[in-house]
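The structure appears right after this line, and notes come after that.
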Amino acid sequence: MWTKASKMRRAVTGVFIGSVLFLASNAGADVLSDQSGAILVYPKVTVDTSGVFGAPQDTIIQMTNTSNSVVSARCFYINATGHCSNNDEPCNEQVACETGATCVPQWNKRDFRLTLTKRQPLAWRASEGLSDLPCDGIGSPDGCALGSNIGADGSVSSIPPVQEDPFYGELRCIQVDSESFQPTVGLNDGNLRGGDLKGEATIVSIVADAPDARKYNAVGIQSMANNNNDDVLQIGGVDAEYNACPSVLTLNHLFEGATVIYGAGAGSSTVRTDLTVVPCGVDYLTDTTDPIVLQFLIFNEFEQRFSASTSFDCWRNLALADVDTRLGPFGDSFSIFSASVQGTLGGQTRVRPVGNANQSNGILGVLDERWMSASSGPERTAATNVHFEGAVSIGDQMILSPDN
Amino acid sequence: MRMTMRNWWIAAAATALGTVAAAGVASADLTTEKSGSIVVYPKVIGTSERDTLIQMMNTGNATAHAHCFYINASIRGRWIETDFDIWLTKQQPTHWLARSGRTVNFFDAFGSDGAGFDPGLIPPVPLGFQGELRCVQVDESGAPLRANKLKGSATLIRIADGDVSEYNAIAFPGNPNAGVGNNDNVLDLDNTPGHAGEYDACPDTLTINTFSAGIDDPIVTELGDCAVSGDCPIETFLTLVPCAQDLERLQQGKVTISIETFDEFETVLSTSITVDCWLNASLADPIFAGVFKRDTLAVTARFNPVPGNGGVIGVGEELRSDSDGGLDSAWAAYNLHIEGNRFDAARNVAGVLRTALTCAGGSNAGDSCTDGAQCPGGTCVNGVLDQIVLPEQP
């Protein structure tokens with residue numbers, strides 16, 4: 001029989017355990033595009049130097065070690081460029097194959113490792129990579145005074161170009177220990193050891209002989225204290241090693257075909273928006289992904305609510321109007337993302353991935369806007385990071401392929 | 001024995017409550033990707049060359065009210081503030097152009113620019129406006145409300161050809177816990193992992209990844225119309241505003257910042273600048289003393305306020321041109337990265353934690369201290385308390 005004292009003690013113990021669990025479940029609830037992290041995700045990297053899919057373009061990747069220590073990273077380019085089933089020509093959701101053929105998306109990776117000296121910034125074109133890093137003593141024989149891009153195990157840092165041109169896909173880098181090249185927590189107390197990598201991607205295209213550019217911040221997933229350094233990265237959930245991915249992406253956007261009049265009537269443009277999404281959980285060991293269903297909730301400026309859904313496998317870039325209509329511009333005017341359907345210019349959309357019993361199917365993404373001026377100028381673009389809300393409960397796993 | 005058990009209960013209960021309290025303030029960074037109770041658009045332009053599309057959303061299921069302030073910094077040394085109120089229904093998005101504002105018109109045609117629930121009368125900015133927009137979530141009475149339901153973005157538009165660049169508004173989440181702070185017109189930016197305050201503290205460090213000032217863009221050089229070396233530069237502009245503002249007394253925030261830049265060879269150069277209300281300058285500007293003019297493509301920089309100064313926030317914007325110049329160019333804006341907080345963990349530009357402690361708030365605000373007892377009504381911290389002071393409402 002329990003005494004009153006023991007009941008109270010159990011009650012207090014319950015509160016204690018509950019509060020600790022509460023903290024554990026809430027502390028790791030942020031992925032961030034404005035702070036450094038231990039996993040860096042560039043959801044959209046495009047290379048098309050010959051202009052197969054439209055304007056010639058390439059991506060400048062920037063990556064920096066924000067700490068005062070040498071850090072290393074293992075990185076993965078994920079190639080999601082489609083190829084036609086009949087002739088292997090490149091294709092995507094906007095550029096179709098010949099009649100009777102289908103566009104078969106692919107998902108293959110190219111990995112590389114690099115070591116960054118303290119506070120070192122790097123920038124490279126995705127189409128070219130960086131065969132020699134500044135402080136490896138190869139391209140610049142004098143190297144650097146304070147550090148080297150040679151890993152502690154003697155491995156030379158080298159960044160390869162993307163797998164093919166044209167290329168559509170993502171880049172993902174994981175901070176690793178500079179000796180063992182196994183995943184590790186950050187080294188900088190300034191950000192609570194959440195990770196030391198930060199980056200940006202700038203997609204530069206040439207449209208009608210004029211440059212166009214759009215830029216976004218890479219998404220950082222911060223490390224938690226209990227990182228066991230193996231190749232299975234637990235992102236959120238029980239025994240989380242990294243902060244959980246968001247449970248909802250929220251998008252600020254203009255509805256498809258919205259006409260924005262600016263300069264007090266001096267100009268106007270028609271706007272369309274693309275969303276690029278990638279899964280938080282990936283398996284680079286077996287190169288497999290599961291389909292993820294995305295539920296969309298759309299609000300217009302009348303507070304009216306609509307919903308739609310779609311799915312994707314490993315990487316998807318789609319116009320908002322293609323979420324609920326056939327691919328391409330044909331059905332856009334019937335889409336619930338169409339300004340002519342919604343009746344207002346501005347919208348807010350909440351994108352929720354549907355999880356299962358084993359994983360949350362968290363996602364990350366970035367938005368591109370395409371503005372076409374009424375004065376017949378070339379199409380202009382802008383990119384922006386999406387907003388995040390909440391944290392998935394079960395979590396996701398990122399499984400790395402062996403490094404040697 | 002009885003005393004021992006009682007102490008155990010007290011210790012356990014205190015730990016539990018402390019843990020819950022810590023969870024309540026665990027997330028204590030301003031953000032460009034989540035909603036907050038104060039949203040800042042550091043760069044708003046309304047000139048004959050560029051206009052700005054402001055988008056703002058209520059992310060909650062209840063009506064959200066906000067009190068907004070345009071800060072016109074186009075005339076150096078003169079700080080002009082214009083304020084207005086908006087209200088947004090459940091999950092409502094809204095938008096307006098800086099140069100046009102938004103009228104309240106129940107007869108806007110379906111699909112036209114003004115269609116939808118008008119959020120209130122939003123005045124146009126005067127032609128030539130350059131400055132910031134800052135909105136504070138309030139309740140129906142106009143008192144500040146830390147409900148964290150506002151988020152937004154700004155799109156800068158070049159009028160001649162519709163070139164666009166976009167960034168996310170910077171949000172300061174408020175601490176909604178009852179009993180923390182008050183709802184007066186002095187908004188304390190003092191919520192950190194170590195201190196349960198009103199609004200999340202300003203960042204201690206801004207970090208920016210950029211390119212050597214004036215260096216040619218490698219993609220435009222190869223794919224674009226680039227006749228000779230030096231014809232296709234990347235010019236980066238930095239816009240910074242102090243976190244602290246006194247809108248009641250119209251006192252401009254002023255912050256001096258130490259800057260360290262690193263190139264790809266790890267070479268370090270440093271300088272300092274002063275942000276007086278609003279700064280928008282090219283990294284090639286002489287005020288930066290050439291520290292961004294380097295021999296490598298990539299450059300990174302860390303911005304830290306000097307001791308005793310509050311924090312700053314900002315955005316970057318890059319301009320790429322080709323040999324033809326003029327409209328053969330493109331802007332791309334982006335949000336800066338942040339590190340640490342200015343309230344209780346100030347660091348120097350080398351990343352070393354400062355040790356000097358100062359009273360933040362209270363009757364001895366600004367005095368040096370060694371513990372909290374020396375700061376009645378305040379806190380002994382090694383940082384600075386930034387405050388936003390709103391005008392008194394009638």
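So you can find residues: chains in the structure tokens are A, B, ... in the order shown, residues in each start at 1, and ligands are numbered from 1 in order.
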Taking only C-alpha atoms into account, produce a table as a tab-separated table in which each residue of chain B with an atom at most 6 Å from an atom of chain A appears once, together with its shortest atom pair and the distance in Å to one decimal, ordered by chain and rising number.
residue	atom	partner	partner_atom	distance
B:Ala16	CA	A:Phe16	CA	4.5
B:Val20	CA	A:Ser19	CA	5.7
B:Ala23	CA	A:Leu23	CA	5.3
B:Glu33	CA	A:His387	CA	4.1
B:Lys34	CA	A:His387	CA	5.4
B:Asp51	CA	A:Gly263	CA	5.6
B:Gln92	CA	A:Glu303	CA	5.4
B:Pro93	CA	A:Glu301	CA	5.5
B:Thr94	CA	A:Gly346	CA	5.8
B:Arg99	CA	A:Ala264	CA	5.9
B:Ser100	CA	A:Ala264	CA	5.4
B:Phe110	CA	A:Gly343	CA	4.8
B:Gly111	CA	A:Gly343	CA	3.8
B:Ala115	CA	A:Thr344	CA	5.1
B:Gly116	CA	A:Glu301	CA	4.5
B:Phe117	CA	A:Phe302	CA	5.4
B:Ile159	CA	A:Gly267	CA	5.8
B:Asp161	CA	A:Gly377	CA	5.8
B:Gly162	CA	A:Ser373	CA	5.4
B:Asp163	CA	A:Arg380	CA	5.3
B:Val164	CA	A:Ala382	CA	5.8
B:Ser165	CA	A:Ala382	CA	5.0
B:Glu166	CA	A:Ala382	CA	5.9
B:Gly224	CA	A:Ile206	CA	6.0
B:Glu264	CA	A:Pro121	CA	5.4
B:Phe265	CA	A:Cys144	CA	5.6
B:Glu266	CA	A:Gln120	CA	5.8
B:Ala298	CA	A:Ala123	CA	5.3
B:Val299	CA	A:Pro121	CA	5.9
B:Thr300	CA	A:Pro121	CA	5.8
B:Asp328	CA	A:Ala210	CA	4.6
B:Ser329	CA	A:Pro211	CA	5.6
B:Ala330	CA	A:Asp212	CA	5.0
B:Ala332	CA	A:Arg214	CA	5.1
B:His337	CA	A:Asp34	CA	4.3
B:Ile338	CA	A:Gln35	CA	5.5
B:Glu339	CA	A:Asn191	CA	5.8
B:Gly340	CA	A:Gly190	CA	5.5
Write the residues of the selection above to a file with N, CA and C atoms, as a short mmCIF file (atom, residue, chain, number, x, y, z; two decimals), in the first residue's frame.
data_model
loop_
_atom_site.label_atom_id
_atom_site.label_comp_id
_atom_site.auth_asym_id
_atom_site.auth_seq_id
_atom_site.Cartn_x
_atom_site.Cartn_y
_atom_site.Cartn_z
N ALA B 16 11.84 20.30 -12.10
CA ALA B 16 10.81 20.13 -13.12
C ALA B 16 10.32 21.48 -13.63
N VAL B 20 10.71 23.10 -17.41
CA VAL B 20 9.61 23.62 -18.21
C VAL B 20 9.87 25.08 -18.58
N ALA B 23 12.33 25.25 -21.25
CA ALA B 23 11.73 24.91 -22.53
C ALA B 23 10.99 26.10 -23.12
N GLU B 33 12.36 32.89 -40.84
CA GLU B 33 11.60 31.80 -41.41
C GLU B 33 10.46 31.34 -40.53
N LYS B 34 10.18 32.08 -39.47
CA LYS B 34 9.06 31.75 -38.61
C LYS B 34 8.32 33.03 -38.29
N ASP B 51 10.32 50.08 -56.58
CA ASP B 51 9.17 50.04 -55.69
C ASP B 51 9.29 48.74 -54.86
N GLN B 92 -5.06 35.14 -42.77
CA GLN B 92 -5.18 36.01 -43.94
C GLN B 92 -3.83 36.53 -44.42
N PRO B 93 -3.58 36.39 -45.71
CA PRO B 93 -2.43 37.08 -46.30
C PRO B 93 -2.87 38.45 -46.81
N THR B 94 -1.97 39.37 -46.85
CA THR B 94 -2.28 40.65 -47.48
C THR B 94 -1.02 41.18 -48.15
N ARG B 99 4.79 52.31 -52.82
CA ARG B 99 4.49 53.61 -53.43
C ARG B 99 2.98 53.84 -53.58
N SER B 100 2.20 52.80 -53.53
CA SER B 100 0.75 52.97 -53.71
C SER B 100 -0.01 52.85 -52.41
N PHE B 110 -13.17 41.66 -58.51
CA PHE B 110 -12.64 40.32 -58.28
C PHE B 110 -11.36 40.13 -59.10
N GLY B 111 -10.28 39.78 -58.44
CA GLY B 111 -9.01 39.56 -59.13
C GLY B 111 -8.17 40.80 -59.31
N ALA B 115 -8.39 43.48 -54.34
CA ALA B 115 -9.41 42.51 -53.95
C ALA B 115 -9.02 41.78 -52.67
N GLY B 116 -10.03 41.42 -51.88
CA GLY B 116 -9.78 40.76 -50.61
C GLY B 116 -10.14 41.68 -49.47
N PHE B 117 -10.10 41.12 -48.26
CA PHE B 117 -10.38 41.95 -47.09
C PHE B 117 -9.26 42.97 -46.93
N ILE B 159 11.32 49.30 -61.63
CA ILE B 159 10.11 49.68 -62.36
C ILE B 159 10.31 49.58 -63.87
N ASP B 161 11.90 47.54 -65.85
CA ASP B 161 11.82 46.25 -66.54
C ASP B 161 11.27 45.13 -65.67
N GLY B 162 10.86 45.44 -64.45
CA GLY B 162 10.26 44.42 -63.60
C GLY B 162 11.26 43.47 -62.97
N ASP B 163 12.55 43.84 -62.94
CA ASP B 163 13.53 42.99 -62.25
C ASP B 163 13.18 42.93 -60.76
N VAL B 164 13.29 41.75 -60.17
CA VAL B 164 12.85 41.57 -58.78
C VAL B 164 13.91 40.90 -57.93
N SER B 165 13.89 41.23 -56.65
CA SER B 165 14.67 40.49 -55.65
C SER B 165 13.86 40.46 -54.37
N GLU B 166 14.00 39.39 -53.61
CA GLU B 166 13.07 39.17 -52.49
C GLU B 166 13.83 38.70 -51.25
N GLY B 224 27.30 35.07 -70.52
CA GLY B 224 26.65 36.33 -70.89
C GLY B 224 27.47 37.20 -71.81
N GLU B 264 39.47 33.40 -49.14
CA GLU B 264 39.63 31.94 -49.23
C GLU B 264 40.99 31.48 -48.73
N PHE B 265 41.96 32.42 -48.64
CA PHE B 265 43.28 32.07 -48.13
C PHE B 265 43.39 32.32 -46.63
N GLU B 266 42.28 32.56 -45.99
CA GLU B 266 42.26 32.77 -44.55
C GLU B 266 42.86 34.10 -44.15
N ALA B 298 35.35 34.21 -53.13
CA ALA B 298 34.51 34.17 -51.93
C ALA B 298 35.13 34.98 -50.79
N VAL B 299 34.28 35.70 -50.10
CA VAL B 299 34.67 36.46 -48.92
C VAL B 299 33.58 36.24 -47.88
N THR B 300 33.98 36.10 -46.63
CA THR B 300 32.98 36.05 -45.57
C THR B 300 33.32 37.11 -44.54
N ASP B 328 20.63 45.74 -68.31
CA ASP B 328 21.25 44.42 -68.44
C ASP B 328 21.94 44.08 -67.12
N SER B 329 21.15 43.99 -66.11
CA SER B 329 21.65 43.72 -64.77
C SER B 329 20.52 43.09 -63.96
N ALA B 330 20.88 42.50 -62.84
CA ALA B 330 19.86 41.80 -62.05
C ALA B 330 20.20 41.89 -60.57
N ALA B 332 19.58 40.48 -56.62
CA ALA B 332 19.17 39.27 -55.87
C ALA B 332 19.39 39.56 -54.39
N HIS B 337 22.92 35.77 -42.07
CA HIS B 337 22.94 34.77 -41.00
C HIS B 337 23.23 35.45 -39.66
N ILE B 338 22.76 34.82 -38.62
CA ILE B 338 22.94 35.38 -37.27
C ILE B 338 23.60 34.35 -36.37
N GLU B 339 24.18 34.88 -35.28
CA GLU B 339 24.84 33.98 -34.32
C GLU B 339 24.73 34.60 -32.92
N GLY B 340 24.36 33.81 -31.96
CA GLY B 340 24.32 34.25 -30.57
C GLY B 340 23.27 35.31 -30.32
#
**Report entry** Residue neighbourhood B:Val291, 8 Å, only C-alpha atoms, exclusion window fewer than 5 positions, as a ChimeraX atom specification
**Finding:** /B:261,269-271
Expected file contents, prior selection, C-alpha atoms, as a PDB file, in the first residue's frame:
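Result file is out-v6.pdb:
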ATOM      1  CA  THR B 261      36.572  39.776 -43.352  1.00  0.00           C
ATOM      2  CA  LEU B 269      41.203  42.272 -42.689  1.00  0.00           C
ATOM      3  CA  SER B 270      39.180  44.366 -40.288  1.00  0.00           C
ATOM      4  CA  THR B 271      37.519  47.749 -40.006  1.00  0.00           C
TER       5      THR B 271
END
Query - Within 9 Å of stretch 37-40 of chain B using only C-alpha atoms, minus same-chain residues under 4 positions, as a ChimeraX atom specification - result: /B:66,132-138,144-152,169-174,199,313
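Here the alpha helix (DSSP H) residues in stretch 242-352 of chain A, by DSSP on the backbone, are Ala339, Ser340, Val341 and Gln342 of chain A.
The shortest atom-to-atom distance to B:Gly142, with only C-alpha atoms taken into account, belongs to B:Ile86 out of B:Ile215, B:Ile86, B:Arg76, B:Ser282.
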Query raised in the report: So which residues touch B:Gly114 within 8 Å, counting only C-alpha atoms, skipping near sequence neighbours fewer than 5 positions away, as a PyMOL selection string?
Result: (chain A and resi 344) or (chain B and resi 102-103+105+108-109)
Requested in this report: Identify, on the basis of only C-alpha atoms, every residue whose closest approach to stretch 85-101 of chain A does not exceed 9 Å; exclude the query and any residue fewer than 2 positions from it along the same chain; express the result as a list in words.
Outcome: Val52, Phe53, Thr81, Gly82, His83, Cys103, Val104, Pro105, Pro166, Phe167, Tyr168, Asn317, Leu318, Leu327, Gly328 and Pro329 of chain A
Requested in this report: Mind checking which residues fall within 8 Å of stretch 303-309 of chain B, counting only C-alpha atoms, ignoring those fewer than 2 positions away in the same chain, and posting them as a PyMOL selection string?
Outcome: chain B and resi 204-207+255-260+301+311-312+347-349+383-384
Would you mind exporting N, CA, C and O atoms of the selected residues as an mmCIF file, in the first residue's frame?
data_model
loop_
_atom_site.group_PDB
_atom_site.id
_atom_site.type_symbol
_atom_site.label_atom_id
_atom_site.label_comp_id
_atom_site.auth_asym_id
_atom_site.auth_seq_id
_atom_site.Cartn_x
_atom_site.Cartn_y
_atom_site.Cartn_z
ATOM 1 N N ASP B 204 23.968 38.618 -31.707
ATOM 2 C CA ASP B 204 25.260 39.183 -31.323
ATOM 3 C C ASP B 204 26.147 39.389 -32.546
ATOM 4 O O ASP B 204 26.880 40.362 -32.646
ATOM 5 N N THR B 205 26.060 38.477 -33.471
ATOM 6 C CA THR B 205 26.931 38.524 -34.656
ATOM 7 C C THR B 205 26.089 38.357 -35.909
ATOM 8 O O THR B 205 25.204 37.503 -35.953
ATOM 9 N N LEU B 206 26.368 39.170 -36.908
ATOM 10 C CA LEU B 206 25.826 38.932 -38.245
ATOM 11 C C LEU B 206 26.949 38.362 -39.087
ATOM 12 O O LEU B 206 28.079 38.864 -39.037
ATOM 13 N N THR B 207 26.665 37.326 -39.844
ATOM 14 C CA THR B 207 27.684 36.805 -40.754
ATOM 15 C C THR B 207 27.149 36.887 -42.171
ATOM 16 O O THR B 207 25.970 36.626 -42.424
ATOM 17 N N VAL B 255 24.762 52.476 -33.807
ATOM 18 C CA VAL B 255 25.558 51.326 -33.397
ATOM 19 C C VAL B 255 26.868 51.325 -34.178
ATOM 20 O O VAL B 255 26.862 51.476 -35.399
ATOM 21 N N THR B 256 27.976 51.177 -33.456
ATOM 22 C CA THR B 256 29.267 51.018 -34.118
ATOM 23 C C THR B 256 29.608 49.533 -34.152
ATOM 24 O O THR B 256 29.438 48.821 -33.160
ATOM 25 N N ILE B 257 30.077 49.099 -35.300
ATOM 26 C CA ILE B 257 30.264 47.666 -35.530
ATOM 27 C C ILE B 257 31.704 47.386 -35.944
ATOM 28 O O ILE B 257 32.250 48.070 -36.810
ATOM 29 N N SER B 258 32.277 46.362 -35.332
ATOM 30 C CA SER B 258 33.578 45.855 -35.796
ATOM 31 C C SER B 258 33.327 44.826 -36.887
ATOM 32 O O SER B 258 32.414 44.003 -36.781
ATOM 33 N N ILE B 259 34.138 44.892 -37.918
ATOM 34 C CA ILE B 259 33.972 43.963 -39.046
ATOM 35 C C ILE B 259 35.286 43.224 -39.272
ATOM 36 O O ILE B 259 36.348 43.837 -39.322
ATOM 37 N N GLU B 260 35.203 41.920 -39.393
ATOM 38 C CA GLU B 260 36.357 41.119 -39.815
ATOM 39 C C GLU B 260 35.969 40.403 -41.093
ATOM 40 O O GLU B 260 34.913 39.764 -41.153
ATOM 41 N N ALA B 301 32.316 37.607 -43.868
ATOM 42 C CA ALA B 301 32.544 38.688 -42.900
ATOM 43 C C ALA B 301 31.694 38.470 -41.673
ATOM 44 O O ALA B 301 30.598 37.904 -41.746
ATOM 45 N N GLY B 311 22.466 45.697 -30.799
ATOM 46 C CA GLY B 311 22.624 44.871 -31.988
ATOM 47 C C GLY B 311 22.080 45.526 -33.242
ATOM 48 O O GLY B 311 21.405 46.564 -33.195
ATOM 49 N N VAL B 312 22.369 44.910 -34.372
ATOM 50 C CA VAL B 312 21.833 45.349 -35.661
ATOM 51 C C VAL B 312 21.280 44.142 -36.401
ATOM 52 O O VAL B 312 21.650 43.003 -36.124
ATOM 53 N N ARG B 347 29.874 38.593 -27.709
ATOM 54 C CA ARG B 347 31.228 38.142 -28.051
ATOM 55 C C ARG B 347 31.937 39.229 -28.834
ATOM 56 O O ARG B 347 31.284 40.084 -29.434
ATOM 57 N N ASN B 348 33.258 39.171 -28.839
ATOM 58 C CA ASN B 348 33.982 40.107 -29.684
ATOM 59 C C ASN B 348 34.042 39.535 -31.099
ATOM 60 O O ASN B 348 33.548 38.433 -31.361
ATOM 61 N N VAL B 349 34.648 40.295 -31.994
ATOM 62 C CA VAL B 349 34.588 39.897 -33.396
ATOM 63 C C VAL B 349 35.383 38.613 -33.650
ATOM 64 O O VAL B 349 35.184 37.936 -34.649
ATOM 65 N N GLY B 383 25.994 41.619 -22.058
ATOM 66 C CA GLY B 383 25.538 42.181 -23.317
ATOM 67 C C GLY B 383 24.850 43.522 -23.116
ATOM 68 O O GLY B 383 25.145 44.255 -22.191
ATOM 69 N N VAL B 384 23.896 43.799 -24.004
ATOM 70 C CA VAL B 384 23.197 45.079 -23.985
ATOM 71 C C VAL B 384 21.709 44.810 -24.147
ATOM 72 O O VAL B 384 21.313 43.937 -24.922
#
Report summary line: The distance between atom CA of B:Ser153 and atom CA of B:Gln55 is 5.3 Å
**Report entry** Per-residue DSSP, stretch 124-199 of chain B, filtered to strand (DSSP E or B), as JSON, numbers by chain
**Finding:** {"B": [129, 130, 131, 132, 133, 134, 135, 136, 137, 138, 144, 150, 151, 152, 153, 154, 155, 156, 157, 158, 164, 165, 166, 167, 168, 170, 171, 172, 174, 186, 187, 188, 189, 190, 191, 192, 195, 199]}
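Between atom CA of A:Tyr284 and atom CA of A:Asn108 lies a distance of 8.9 Å.
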Query - Surrounding residues of A:Pro279 excluding itself and chain neighbours under 5 positions, 8 Å, only C-alpha atoms, as a PyMOL selection string - result: chain A and resi 292+314-315+361-364
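Between atom CA of A:Asp230 and atom CA of A:Gly186 lies a distance of 15.2 Å.
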